[in-house]
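**Q** My questions all concern the structure below.
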Amino acid sequence: MLKNDSKKEDIVKKIFSIIKENYKEFVFKHDGGRIIQGCIKYGNTEQRALLINQLKDLVADSAMKKYSIYLSIKIWKYADPIQREQILKLVLKKLTFLIKSPSGEMFLNYMISNCSSSQKEQLVDEYLK
């Protein structure tokens, strides 16, 4: 295990240089999703923010896939409040599809248990429409 934070950041930097802009290629694959999860977890604040901003449009779609559900959960967990609001708006657009999907339902349960009360209200209001 890596215990030095600078080593972790260097590894994340190397992964960023390899991936470049091909995030979509990695997100929906089991091993690629695990790599990106590690980048989100072990990257510094700037790296994490950059990665989450690149992936926020894919959160709802990846939450419905078997292997990328855990990446969606990790993105929600490490997103800052502004990013969470942006992700929530995108999730609300696909709420019915998420509810019908077993992994999407799991993601929604995680979101609801780890969001603010105003975000919960938005989810419930959209569901009841």
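Chain labels A, B, ... are given in the sequence in which chains occur in the structure tokens; within each chain residues are numbered consecutively from 1, and ligands are likewise numbered from 1 in the order shown.
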Report the residues of segment 9-94 of chain A whose backbone DSSP state falls under alpha helix (DSSP H), written as a PyMOL selection string.
**A** chain A and resi 9-19+23-27+30-42+45-55+59-63+69-78+81-93
**Q** Using atom CA of Gly104 of chain A and atom CA of Met64 of chain A as the two end points, give the distance in Å to one decimal.
**A**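 Between these atoms lies a distance of 4.6 Å.
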**Q** For Ser116 of chain A, find every residue with an atom within 10 Å (counting only C-alpha atoms), except residues of its own chain fewer than 4 positions away, and show them as a list in words.
**A** Pro81, Arg84, Met111, Ile112, Lys120 and Glu121 of chain A
**Q** Could you turn the residues from that selection into a file that holds all heavy atoms, as an mmCIF file, in the first residue's frame?
**A**
```cif
data_model
loop_
_atom_site.group_PDB
_atom_site.id
_atom_site.type_symbol
_atom_site.label_atom_id
_atom_site.label_comp_id
_atom_site.auth_asym_id
_atom_site.auth_seq_id
_atom_site.Cartn_x
_atom_site.Cartn_y
_atom_site.Cartn_z
ATOM 1 N N PRO A 81 -20.251 20.257 -2.753
ATOM 2 C CA PRO A 81 -21.681 20.616 -2.802
ATOM 3 C C PRO A 81 -22.150 21.170 -4.150
ATOM 4 O O PRO A 81 -23.262 20.867 -4.591
ATOM 5 C CB PRO A 81 -21.816 21.662 -1.696
ATOM 6 C CG PRO A 81 -20.736 21.329 -0.733
ATOM 7 C CD PRO A 81 -19.603 20.819 -1.568
ATOM 8 N N ARG A 84 -22.402 18.285 -6.505
ATOM 9 C CA ARG A 84 -23.559 17.452 -6.148
ATOM 10 C C ARG A 84 -24.855 18.028 -6.706
ATOM 11 O O ARG A 84 -25.721 17.298 -7.163
ATOM 12 C CB ARG A 84 -23.670 17.292 -4.632
ATOM 13 C CG ARG A 84 -22.732 16.263 -4.084
ATOM 14 C CD ARG A 84 -23.027 15.986 -2.638
ATOM 15 N NE ARG A 84 -22.192 14.899 -2.161
ATOM 16 C CZ ARG A 84 -22.429 14.242 -1.054
ATOM 17 N NH1 ARG A 84 -23.464 14.536 -0.306
ATOM 18 N NH2 ARG A 84 -21.627 13.264 -0.685
ATOM 19 N N MET A 111 -27.610 7.855 -2.677
ATOM 20 C CA MET A 111 -27.749 9.305 -2.808
ATOM 21 C C MET A 111 -28.644 9.870 -1.715
ATOM 22 O O MET A 111 -28.309 10.870 -1.085
ATOM 23 C CB MET A 111 -28.381 9.641 -4.161
ATOM 24 C CG MET A 111 -27.446 10.141 -5.202
ATOM 25 S SD MET A 111 -28.354 10.562 -6.702
ATOM 26 C CE MET A 111 -28.871 12.210 -6.327
ATOM 27 N N ILE A 112 -29.792 9.227 -1.529
ATOM 28 C CA ILE A 112 -30.764 9.733 -0.557
ATOM 29 C C ILE A 112 -30.204 9.687 0.860
ATOM 30 O O ILE A 112 -30.428 10.589 1.660
ATOM 31 C CB ILE A 112 -32.090 8.955 -0.669
ATOM 32 C CG1 ILE A 112 -32.781 9.344 -1.973
ATOM 33 C CG2 ILE A 112 -32.999 9.208 0.518
ATOM 34 C CD1 ILE A 112 -33.960 8.494 -2.333
ATOM 35 N N LYS A 120 -33.089 15.928 -0.935
ATOM 36 C CA LYS A 120 -34.091 14.869 -0.750
ATOM 37 C C LYS A 120 -35.460 15.347 -1.218
ATOM 38 O O LYS A 120 -36.202 14.611 -1.864
ATOM 39 C CB LYS A 120 -34.170 14.461 0.717
ATOM 40 C CG LYS A 120 -33.065 13.559 1.169
ATOM 41 C CD LYS A 120 -33.237 13.182 2.625
ATOM 42 C CE LYS A 120 -32.000 12.456 3.111
ATOM 43 N NZ LYS A 120 -32.023 12.159 4.528
ATOM 44 N N GLU A 121 -35.791 16.587 -0.881
ATOM 45 C CA GLU A 121 -37.073 17.152 -1.294
ATOM 46 C C GLU A 121 -37.190 17.204 -2.813
ATOM 47 O O GLU A 121 -38.238 16.875 -3.367
ATOM 48 C CB GLU A 121 -37.242 18.561 -0.727
ATOM 49 C CG GLU A 121 -37.626 18.598 0.722
ATOM 50 C CD GLU A 121 -37.788 20.025 1.231
ATOM 51 O OE1 GLU A 121 -38.056 20.937 0.413
ATOM 52 O OE2 GLU A 121 -37.643 20.220 2.438
#
```
**Q** Within 9 Å of Leu90 of chain A, counting only C-alpha atoms, which residues qualify if same-chain residues fewer than 6 places away don't, as an MDAnalysis selection string?
**A** chainID A and resid 56:60
**Q** Please produce a file of those selected residues containing N, CA, C and O atoms, as a PDB file, in the first residue's frame.
**A**
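And here is the file that came out, out03.pdb:
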```
ATOM      1  N   LYS A  56     -19.361  13.902 -14.518  1.00  0.00           N
ATOM      2  CA  LYS A  56     -20.691  14.140 -13.952  1.00  0.00           C
ATOM      3  C   LYS A  56     -21.821  13.885 -14.945  1.00  0.00           C
ATOM      4  O   LYS A  56     -22.902  13.473 -14.560  1.00  0.00           O
ATOM      5  N   ASP A  57     -21.562  14.090 -16.239  1.00  0.00           N
ATOM      6  CA  ASP A  57     -22.598  13.840 -17.234  1.00  0.00           C
ATOM      7  C   ASP A  57     -22.893  12.357 -17.407  1.00  0.00           C
ATOM      8  O   ASP A  57     -23.941  11.986 -17.934  1.00  0.00           O
ATOM      9  N   LEU A  58     -21.986  11.505 -16.972  1.00  0.00           N
ATOM     10  CA  LEU A  58     -22.134  10.059 -17.140  1.00  0.00           C
ATOM     11  C   LEU A  58     -22.656   9.350 -15.890  1.00  0.00           C
ATOM     12  O   LEU A  58     -22.854   8.137 -15.915  1.00  0.00           O
ATOM     13  N   VAL A  59     -22.866  10.094 -14.804  1.00  0.00           N
ATOM     14  CA  VAL A  59     -23.233   9.465 -13.528  1.00  0.00           C
ATOM     15  C   VAL A  59     -24.536   8.688 -13.623  1.00  0.00           C
ATOM     16  O   VAL A  59     -24.601   7.533 -13.206  1.00  0.00           O
ATOM     17  N   ALA A  60     -25.563   9.290 -14.178  1.00  0.00           N
ATOM     18  CA  ALA A  60     -26.865   8.609 -14.237  1.00  0.00           C
ATOM     19  C   ALA A  60     -26.795   7.371 -15.128  1.00  0.00           C
ATOM     20  O   ALA A  60     -27.344   6.322 -14.785  1.00  0.00           O
TER      21      ALA A  60
END
```
**Q** Name the residues in contact with Ser72 of chain A at a cut-off of 12 Å, using only C-alpha atoms, excluding same-chain residues fewer than 5 positions from it; report them as an mmCIF file with N, CA and C atoms, in the first residue's frame.
**A**
```cif
data_model
loop_
_atom_site.group_PDB
_atom_site.id
_atom_site.type_symbol
_atom_site.label_atom_id
_atom_site.label_comp_id
_atom_site.auth_asym_id
_atom_site.auth_seq_id
_atom_site.Cartn_x
_atom_site.Cartn_y
_atom_site.Cartn_z
ATOM 1 N N VAL A 27 -15.035 4.251 -18.091
ATOM 2 C CA VAL A 27 -16.110 4.283 -17.099
ATOM 3 C C VAL A 27 -16.966 3.032 -17.123
ATOM 4 N N PHE A 28 -17.317 2.555 -18.291
ATOM 5 C CA PHE A 28 -18.273 1.465 -18.393
ATOM 6 C C PHE A 28 -17.632 0.080 -18.385
ATOM 7 N N GLY A 33 -13.311 1.226 -14.528
ATOM 8 C CA GLY A 33 -14.060 1.903 -13.469
ATOM 9 C C GLY A 33 -13.332 1.859 -12.141
ATOM 10 N N ARG A 34 -12.691 0.722 -11.859
ATOM 11 C CA ARG A 34 -11.927 0.602 -10.609
ATOM 12 C C ARG A 34 -10.736 1.562 -10.596
ATOM 13 N N ILE A 36 -10.519 4.447 -12.190
ATOM 14 C CA ILE A 36 -11.022 5.810 -12.004
ATOM 15 C C ILE A 36 -11.506 6.018 -10.577
ATOM 16 N N GLN A 37 -12.093 4.986 -9.961
ATOM 17 C CA GLN A 37 -12.476 5.089 -8.544
ATOM 18 C C GLN A 37 -11.254 5.388 -7.686
ATOM 19 N N ILE A 40 -10.225 8.976 -8.034
ATOM 20 C CA ILE A 40 -11.096 9.869 -7.261
ATOM 21 C C ILE A 40 -10.752 9.788 -5.778
ATOM 22 N N ILE A 52 -14.241 14.604 -11.513
ATOM 23 C CA ILE A 52 -15.688 14.597 -11.277
ATOM 24 C C ILE A 52 -16.391 15.504 -12.285
ATOM 25 N N LEU A 55 -16.749 13.632 -15.463
ATOM 26 C CA LEU A 55 -17.612 12.441 -15.411
ATOM 27 C C LEU A 55 -19.050 12.700 -14.982
ATOM 28 N N LYS A 56 -19.361 13.902 -14.518
ATOM 29 C CA LYS A 56 -20.691 14.140 -13.952
ATOM 30 C C LYS A 56 -21.821 13.885 -14.945
ATOM 31 N N ASP A 57 -21.562 14.090 -16.239
ATOM 32 C CA ASP A 57 -22.598 13.840 -17.234
ATOM 33 C C ASP A 57 -22.893 12.357 -17.407
ATOM 34 N N LEU A 58 -21.986 11.505 -16.972
ATOM 35 C CA LEU A 58 -22.134 10.059 -17.140
ATOM 36 C C LEU A 58 -22.656 9.350 -15.890
ATOM 37 N N VAL A 59 -22.866 10.094 -14.804
ATOM 38 C CA VAL A 59 -23.233 9.465 -13.528
ATOM 39 C C VAL A 59 -24.536 8.688 -13.623
ATOM 40 N N ALA A 60 -25.563 9.290 -14.178
ATOM 41 C CA ALA A 60 -26.865 8.609 -14.237
ATOM 42 C C ALA A 60 -26.795 7.371 -15.128
ATOM 43 N N ASP A 61 -26.106 7.476 -16.252
ATOM 44 C CA ASP A 61 -25.974 6.319 -17.144
ATOM 45 C C ASP A 61 -25.135 5.217 -16.506
ATOM 46 N N SER A 62 -24.054 5.602 -15.855
ATOM 47 C CA SER A 62 -23.188 4.588 -15.245
ATOM 48 C C SER A 62 -23.846 3.957 -14.017
ATOM 49 N N ALA A 63 -24.761 4.667 -13.381
ATOM 50 C CA ALA A 63 -25.456 4.104 -12.216
ATOM 51 C C ALA A 63 -26.377 2.956 -12.608
ATOM 52 N N MET A 64 -26.748 2.885 -13.867
ATOM 53 C CA MET A 64 -27.629 1.816 -14.318
ATOM 54 C C MET A 64 -26.872 0.604 -14.853
ATOM 55 N N LYS A 65 -25.568 0.682 -14.878
ATOM 56 C CA LYS A 65 -24.752 -0.416 -15.408
ATOM 57 C C LYS A 65 -24.188 -1.261 -14.276
ATOM 58 N N LYS A 66 -24.028 -2.515 -14.546
ATOM 59 C CA LYS A 66 -23.600 -3.477 -13.531
ATOM 60 C C LYS A 66 -22.243 -3.131 -12.915
ATOM 61 N N TYR A 67 -21.268 -2.792 -13.739
ATOM 62 C CA TYR A 67 -19.921 -2.594 -13.231
ATOM 63 C C TYR A 67 -19.598 -1.152 -12.854
ATOM 64 N N LYS A 77 -19.973 10.474 -3.502
ATOM 65 C CA LYS A 77 -19.342 10.554 -2.186
ATOM 66 C C LYS A 77 -18.300 11.671 -2.128
ATOM 67 N N TYR A 78 -17.489 11.800 -3.172
ATOM 68 C CA TYR A 78 -16.382 12.754 -3.149
ATOM 69 C C TYR A 78 -16.689 14.089 -3.825
ATOM 70 N N ALA A 79 -17.865 14.260 -4.375
ATOM 71 C CA ALA A 79 -18.216 15.524 -5.032
ATOM 72 C C ALA A 79 -18.420 16.621 -3.991
ATOM 73 N N ARG A 84 -22.402 18.285 -6.505
ATOM 74 C CA ARG A 84 -23.559 17.452 -6.148
ATOM 75 C C ARG A 84 -24.855 18.028 -6.706
ATOM 76 N N ILE A 87 -24.881 17.247 -10.378
ATOM 77 C CA ILE A 87 -25.163 15.823 -10.579
ATOM 78 C C ILE A 87 -26.641 15.543 -10.308
ATOM 79 N N LEU A 88 -27.178 16.148 -9.271
ATOM 80 C CA LEU A 88 -28.588 15.942 -8.926
ATOM 81 C C LEU A 88 -29.501 16.362 -10.074
ATOM 82 N N VAL A 91 -29.384 13.683 -12.608
ATOM 83 C CA VAL A 91 -30.045 12.466 -12.127
ATOM 84 C C VAL A 91 -31.561 12.626 -12.171
ATOM 85 N N SER A 103 -29.484 -1.608 -10.208
ATOM 86 C CA SER A 103 -28.300 -0.875 -9.763
ATOM 87 C C SER A 103 -28.599 0.618 -9.646
ATOM 88 N N GLY A 104 -29.494 1.123 -10.489
ATOM 89 C CA GLY A 104 -29.902 2.522 -10.379
ATOM 90 C C GLY A 104 -30.613 2.791 -9.067
ATOM 91 N N MET A 106 -30.079 1.127 -6.330
ATOM 92 C CA MET A 106 -29.035 1.096 -5.302
ATOM 93 C C MET A 106 -28.328 2.458 -5.217
ATOM 94 N N PHE A 107 -28.057 3.060 -6.370
ATOM 95 C CA PHE A 107 -27.421 4.375 -6.397
ATOM 96 C C PHE A 107 -28.331 5.423 -5.771
ATOM 97 N N LEU A 108 -29.618 5.386 -6.099
ATOM 98 C CA LEU A 108 -30.556 6.350 -5.520
ATOM 99 C C LEU A 108 -30.638 6.201 -4.002
ATOM 100 N N TYR A 110 -28.250 5.204 -2.058
ATOM 101 C CA TYR A 110 -27.026 5.801 -1.529
ATOM 102 C C TYR A 110 -27.112 7.326 -1.564
ATOM 103 N N MET A 111 -27.610 7.855 -2.677
ATOM 104 C CA MET A 111 -27.749 9.305 -2.808
ATOM 105 C C MET A 111 -28.644 9.870 -1.715
#
```
**Q** Using 8 Å as the limit and counting only C-alpha atoms, can you tabulate each residue of segment 31-121 of chain A that touches segment 4-20 of chain A, with its shortest atom-to-atom distance in Å and the two atoms involved, as CSV?
**A**
```
residue,atom,partner,partner_atom,distance
A:Cys39,CA,A:Val12,CA,5.5
A:Tyr42,CA,A:Lys8,CA,6.1
A:Gly43,CA,A:Glu9,CA,5.3
A:Asn44,CA,A:Glu9,CA,6.3
A:Gln47,CA,A:Val12,CA,7.9
```
**Q** Store the residues picked out above in a file with N, CA, C and O atoms, as a CSV table (one decimal), in the first residue's frame.
**A**
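Here's the written file part29.csv:
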```
chain,number,residue,atom,x,y,z
A,39,CYS,N,-8.5,6.9,-8.6
A,39,CYS,CA,-8.1,8.2,-8.9
A,39,CYS,C,-8.9,9.2,-8.1
A,39,CYS,O,-8.4,10.2,-7.6
A,42,TYR,N,-7.9,8.7,-4.3
A,42,TYR,CA,-6.5,9.0,-3.9
A,42,TYR,C,-6.0,10.3,-4.5
A,42,TYR,O,-4.9,10.7,-4.1
A,43,GLY,N,-6.7,10.9,-5.4
A,43,GLY,CA,-6.2,12.1,-6.0
A,43,GLY,C,-6.3,13.3,-5.0
A,43,GLY,O,-7.1,13.3,-4.1
A,44,ASN,N,-5.6,14.4,-5.3
A,44,ASN,CA,-5.7,15.6,-4.5
A,44,ASN,C,-7.0,16.3,-4.9
A,44,ASN,O,-7.8,15.9,-5.8
A,47,GLN,N,-7.3,17.3,-8.6
A,47,GLN,CA,-7.5,16.2,-9.5
A,47,GLN,C,-8.9,15.6,-9.4
A,47,GLN,O,-9.5,15.2,-10.4
```
**Q** Quick one: pull the distance between atom CA of Glu25 of chain A and atom CA of Ser68 of chain A, Å, one decimal.
**A**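 Distance reported for this atom pair: 11.7 Å.
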